[in-house]
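Source file: structure-v1.csv (CSV, C-alpha atoms)
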chain,number,residue,atom,x,y,z
A,1,MET,CA,-5.6,50.5,184.6
A,2,LYS,CA,-4.5,48.6,187.7
A,3,PHE,CA,-7.3,46.0,187.0
A,4,VAL,CA,-5.9,45.4,183.5
A,5,VAL,CA,-2.4,45.0,184.7
A,6,VAL,CA,-3.5,42.6,187.4
A,7,CYS,CA,-5.5,40.6,184.9
A,8,LEU,CA,-2.6,40.3,182.5
A,9,LEU,CA,-0.2,39.4,185.3
A,10,SER,CA,-2.6,36.7,186.6
A,11,VAL,CA,-2.7,35.1,183.1
A,12,LEU,CA,1.1,35.0,183.0
A,13,VAL,CA,1.4,33.5,186.5
A,14,GLY,CA,-0.6,30.4,185.5
A,15,THR,CA,-3.7,28.5,186.6
A,16,GLU,CA,-2.9,28.3,190.3
A,17,GLY,CA,-2.1,32.0,190.5
A,18,THR,CA,-5.2,32.8,188.5
A,19,SER,CA,-7.4,30.8,190.8
A,20,MET,CA,-5.9,32.6,193.8
A,21,PHE,CA,-6.4,36.0,192.1
A,22,LEU,CA,-10.1,35.1,191.3
A,23,ARG,CA,-10.7,34.1,194.9
A,24,GLN,CA,-9.2,37.3,196.2
A,25,ARG,CA,-11.1,39.4,193.7
A,26,ALA,CA,-14.4,37.6,194.7
A,27,ALA,CA,-13.7,38.2,198.4
A,28,VAL,CA,-13.1,42.0,197.8
A,29,ARG,CA,-16.2,42.4,195.7
A,30,ALA,CA,-18.3,40.4,198.2
A,31,ARG,CA,-17.0,42.5,201.1
A,32,ALA,CA,-17.8,45.8,199.4
A,33,ALA,CA,-21.3,44.7,198.3
A,34,GLY,CA,-22.0,43.2,201.8
A,35,GLU,CA,-21.0,46.4,203.6
A,36,LEU,CA,-23.2,48.6,201.5
A,37,LEU,CA,-26.2,46.3,201.6
A,38,GLY,CA,-25.8,45.8,205.3
A,39,GLU,CA,-25.5,49.5,206.0
A,40,ASN,CA,-28.8,50.1,204.2
A,41,THR,CA,-30.6,47.4,206.1
A,42,VAL,CA,-29.2,48.6,209.5
A,43,ALA,CA,-30.0,52.2,208.8
A,44,GLY,CA,-33.6,51.4,208.0
A,45,GLN,CA,-34.0,49.2,211.2
A,46,PHE,CA,-32.3,51.8,213.4
A,47,PHE,CA,-34.3,54.8,212.2
A,48,LYS,CA,-37.6,52.8,212.5
A,49,SER,CA,-36.9,52.0,216.1
A,50,PHE,CA,-35.6,55.5,216.7
A,51,LEU,CA,-38.7,57.2,215.3
A,52,GLU,CA,-41.0,54.8,217.2
A,53,GLY,CA,-39.4,55.9,220.4
A,54,LEU,CA,-40.1,59.6,219.9
A,55,PRO,CA,-42.9,61.3,221.9
A,56,LYS,CA,-46.1,62.3,220.2
A,57,ASN,CA,-45.6,65.9,221.2
A,58,ALA,CA,-41.9,66.7,220.8
A,59,THR,CA,-40.4,70.2,221.3
A,60,LYS,CA,-39.4,72.2,218.3
A,61,ALA,CA,-35.7,71.7,219.2
A,62,LYS,CA,-36.2,67.9,219.4
A,63,GLN,CA,-38.0,67.9,216.1
A,64,GLU,CA,-35.1,69.8,214.4
A,65,ALA,CA,-32.6,67.5,215.9
A,66,VAL,CA,-34.5,64.5,214.6
A,67,ILE,CA,-34.8,66.1,211.1
A,68,ALA,CA,-31.1,66.9,211.1
A,69,SER,CA,-30.2,63.3,212.0
A,70,LEU,CA,-32.5,61.9,209.3
A,71,GLU,CA,-31.1,64.3,206.7
A,72,ALA,CA,-27.6,63.2,207.6
A,73,GLU,CA,-28.5,59.6,207.1
A,74,VAL,CA,-30.1,60.4,203.8
A,75,GLY,CA,-26.9,62.1,202.8
A,76,LYS,CA,-24.8,59.0,203.8
A,77,LEU,CA,-27.2,56.7,201.9
A,78,ASN,CA,-26.9,59.0,198.8
A,79,GLU,CA,-23.1,58.7,199.1
A,80,ASN,CA,-23.5,54.9,199.0
A,81,VAL,CA,-25.7,55.1,195.9
A,82,LEU,CA,-23.0,57.2,194.2
A,83,LYS,CA,-20.3,54.7,195.3
A,84,LEU,CA,-22.4,51.9,193.7
A,85,GLN,CA,-22.8,53.9,190.5
A,86,ASP,CA,-19.0,54.4,190.4
A,87,ILE,CA,-18.4,50.7,190.9
A,88,GLN,CA,-20.9,49.9,188.1
A,89,LYS,CA,-19.1,52.4,185.8
A,90,SER,CA,-15.7,51.0,186.7
A,91,GLU,CA,-16.9,47.4,186.0
A,92,ALA,CA,-18.3,48.5,182.7
A,93,THR,CA,-15.1,50.2,181.7
A,94,HIS,CA,-13.1,47.1,182.6
A,95,GLN,CA,-15.5,44.8,180.8
A,96,ASP,CA,-13.2,44.2,177.8
A,97,ALA,CA,-10.3,43.2,180.1
A,98,SER,CA,-12.6,41.0,182.0
A,99,GLU,CA,-13.9,39.3,178.9
A,100,GLN,CA,-10.3,38.8,177.7
A,101,LEU,CA,-9.4,37.2,181.0
A,102,LYS,CA,-12.5,35.0,180.8
A,103,SER,CA,-11.5,33.9,177.3
A,104,SER,CA,-8.1,32.8,178.6
A,105,LEU,CA,-9.6,30.7,181.4
A,106,LYS,CA,-11.0,27.2,181.2
A,107,GLY,CA,-13.4,25.1,183.1
A,108,LYS,CA,-14.1,25.9,186.7
A,109,ASP,CA,-12.1,29.2,186.7
A,110,LYS,CA,-14.1,30.5,183.8
A,111,ALA,CA,-17.4,29.5,185.4
A,112,MET,CA,-16.4,31.0,188.7
A,113,MET,CA,-15.5,34.3,187.1
A,114,GLU,CA,-18.8,34.4,185.2
A,115,ASN,CA,-20.8,33.6,188.3
A,116,MET,CA,-18.9,36.2,190.3
A,117,ASP,CA,-19.6,38.9,187.7
A,118,GLU,CA,-23.3,38.0,187.7
A,119,TRP,CA,-23.4,37.9,191.5
A,120,SER,CA,-21.6,41.2,191.8
A,121,GLN,CA,-24.1,42.9,189.4
A,122,ARG,CA,-27.0,41.5,191.3
A,123,MET,CA,-25.7,42.6,194.7
A,124,ASN,CA,-24.8,46.0,193.5
A,125,GLU,CA,-28.2,46.5,192.1
A,126,LYS,CA,-29.8,45.1,195.3
A,127,ALA,CA,-27.8,47.5,197.5
A,128,LYS,CA,-28.6,50.4,195.3
A,129,VAL,CA,-32.4,49.7,195.3
A,130,GLY,CA,-32.2,49.1,199.0
A,131,ALA,CA,-30.5,52.4,199.6
A,132,LEU,CA,-33.0,54.3,197.4
A,133,ASP,CA,-35.9,52.6,199.3
A,134,VAL,CA,-34.6,53.5,202.7
A,135,MET,CA,-33.8,57.1,201.5
A,136,SER,CA,-37.4,57.4,200.2
A,137,LYS,CA,-38.8,56.3,203.6
A,138,LEU,CA,-36.5,58.7,205.5
A,139,LYS,CA,-37.4,61.6,203.2
A,140,ASN,CA,-41.0,60.8,203.7
A,141,ALA,CA,-40.5,60.7,207.5
A,142,ILE,CA,-38.7,64.1,207.4
A,143,HIS,CA,-41.6,65.6,205.4
A,144,LEU,CA,-44.2,64.3,207.9
A,145,ILE,CA,-42.2,65.5,210.9
A,146,LYS,CA,-42.0,68.9,209.3
A,147,LYS,CA,-45.7,68.7,208.6
A,148,GLY,CA,-46.4,68.1,212.3
A,149,ALA,CA,-46.3,64.4,213.0
A,150,LEU,CA,-44.5,65.0,216.3
A,151,SER,CA,-46.4,68.1,217.3
A,152,GLY,CA,-50.0,67.0,217.3
A,153,ASN,CA,-51.0,66.8,213.6
A,154,ALA,CA,-53.1,63.5,213.7
A,155,ASP,CA,-53.0,63.0,209.9
A,156,ALA,CA,-49.3,63.4,209.7
A,157,GLU,CA,-48.8,61.2,212.7
A,158,LYS,CA,-50.9,58.4,211.1
A,159,LYS,CA,-48.9,58.7,207.9
A,160,LEU,CA,-45.6,58.5,209.8
A,161,GLY,CA,-46.9,55.4,211.4
A,162,ASP,CA,-47.6,54.0,208.0
A,163,VAL,CA,-44.0,54.8,206.9
A,164,LEU,CA,-42.7,53.1,210.0
A,165,GLN,CA,-44.8,50.0,209.2
A,166,HIS,CA,-43.3,50.0,205.6
A,167,MET,CA,-39.8,50.2,207.2
A,168,SER,CA,-40.7,47.2,209.3
A,169,ASP,CA,-41.8,45.3,206.3
A,170,MET,CA,-38.5,46.1,204.5
A,171,ALA,CA,-36.5,44.6,207.3
A,172,ARG,CA,-38.1,41.2,206.8

Could you quickly redo this structure as structure tokens?
Amino acid sequence: MKFVVVCLLSVLVGTEGTSMFLRQRAAVRARAAGELLGENTVAGQFFKSFLEGLPKNATKAKQEAVIASLEAEVGKLNENVLKLQDIQKSEATHQDASEQLKSSLKGKDKAMMENMDEWSQRMNEKAKVGALDVMSKLKNAIHLIKKGALSGNADAEKKLGDVLQHMSDMAR
């Protein structure tokens, strides 16, 4: 509802006000997408280095602490995915108002608004896929640690090494 009111007010204010509104809206959307995308990347890099530094034979308490830490991060990433889904739903519900605003714009403002919408959709999807990918790797690491990757199970240890290698590849 706020979005619709802001859109209508921006149309009434005029071209200069509309351009300023569009720049502000673009900055807010970019910041939100960047934060979520960056958090996914950093989480993957951090846990890769964290897991590489663990001893090959960790105590049961250390393994449980690692698992708890990994599960907490999976929960945080899941929250990010839910936020992104909420953002996508919100944007879908405001699609009519956005289209109405675009129809009232001309030239550069209209092109900027269309580009911003396309960029926002791409970044939201990229952040969502990134979070799901990191979550998958972390869940796989949790499974392998429970299976004995840090307590002498050579097969699980090798597979954990493969997961860490895939996490390295994701960061590039």

Practice item. Do a neighbour search on Ala154 of chain A at 12 Å with only C-alpha atoms, toss out local chain neighbours closer than 4 positions, and write the hits as a PyMOL selection string. Key: chain A and resi 56-57+144-145+147-150+158-161

Writing out the chosen residues with C-alpha atoms as a PDB file, in the coordinates of the input:
ATOM      1  CA  LYS A  56     -46.100  62.300 220.200  1.00  0.00           C
ATOM      2  CA  ASN A  57     -45.600  65.900 221.200  1.00  0.00           C
ATOM      3  CA  LEU A 144     -44.200  64.300 207.900  1.00  0.00           C
ATOM      4  CA  ILE A 145     -42.200  65.500 210.900  1.00  0.00           C
ATOM      5  CA  LYS A 147     -45.700  68.700 208.600  1.00  0.00           C
ATOM      6  CA  GLY A 148     -46.400  68.100 212.300  1.00  0.00           C
ATOM      7  CA  ALA A 149     -46.300  64.400 213.000  1.00  0.00           C
ATOM      8  CA  LEU A 150     -44.500  65.000 216.300  1.00  0.00           C
ATOM      9  CA  LYS A 158     -50.900  58.400 211.100  1.00  0.00           C
ATOM     10  CA  LYS A 159     -48.900  58.700 207.900  1.00  0.00           C
ATOM     11  CA  LEU A 160     -45.600  58.500 209.800  1.00  0.00           C
ATOM     12  CA  GLY A 161     -46.900  55.400 211.400  1.00  0.00           C
TER      13      GLY A 161
END

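With atom CA of Ile67 of chain A on one side and atom CA of Ile142 of chain A on the other, the separation reads 5.7 Å.
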
Exercise for review: Kindly give the distance, in Å, that separates atom CA of Asp96 of chain A and atom CA of Ala127 of chain A, rounded to a single decimal.
Suggested key: 24.7 Å

Exercise for review: Take the point (-37.1, 57.2, 212.5) as written in the file and pick out every residue within 10 Å of it, counting all atoms listed in the file; give the list as a list of chain:residue names.
Suggested key: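 Checked against the point, the hits come out as A:Ala43, A:Gly44, A:Gln45, A:Phe46, A:Phe47, A:Lys48, A:Ser49, A:Phe50, A:Leu51, A:Glu52, A:Gly53, A:Leu54, A:Val66, A:Ile67, A:Ser69, A:Leu70, A:Lys137, A:Leu138, A:Ala141, A:Ile142, A:Ile145, A:Leu160, A:Val163, A:Leu164, A:Met167.
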
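We find atom CA of Ala156 of chain A and atom CA of His143 of chain A to be spaced 9.1 Å apart.
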
Review point. In file coordinates, which residues lie within 9 Å of (-40.7, 72.2, 217.2) using all atoms listed in the file, given as a list in words?
Key: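 Those residues, ordered by chain and then number, are Asn57, Ala58, Thr59, Lys60, Ala61, Lys62, Gln63, Glu64, Lys146, Gly148, Leu150 and Ser151 of chain A.
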
Practice item. Mind checking which residues fall within 10 Å of Met135 of chain A, counting all atoms listed in the file, ignoring those fewer than 2 positions away in the same chain, and posting them as a list in words? Key: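 Contacts, in chain order: Asn40, Ala43, Gly44, Leu70, Glu71, Glu73, Val74, Gly75, Lys76, Leu77, Asn78, Val129, Gly130, Ala131, Leu132, Asp133, Lys137, Leu138, Lys139, Asn140 and Ala141 of chain A.
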
Check your understanding: For Glu125 of chain A, which of A:Lys102, A:Lys83, A:Lys108, A:His94 is the closest residue, counting all atoms listed in the file?
Key ->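 Ranked by minimum distance to Glu125 of chain A, first place goes to A:Lys83.
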
Check your understanding: Quick one: of A:Asn124, A:Ser104, A:Glu118, A:Ser136, who's nearest to Lys89 of chain A, counting only C-alpha atoms?
Key ->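 For Lys89 of chain A, the nearest of the candidates is A:Asn124.
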
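Nearest residue to Val42 of chain A among A:Gln121, A:Val134, A:Glu114, A:Glu99 is A:Val134, counting all atoms listed in the file.
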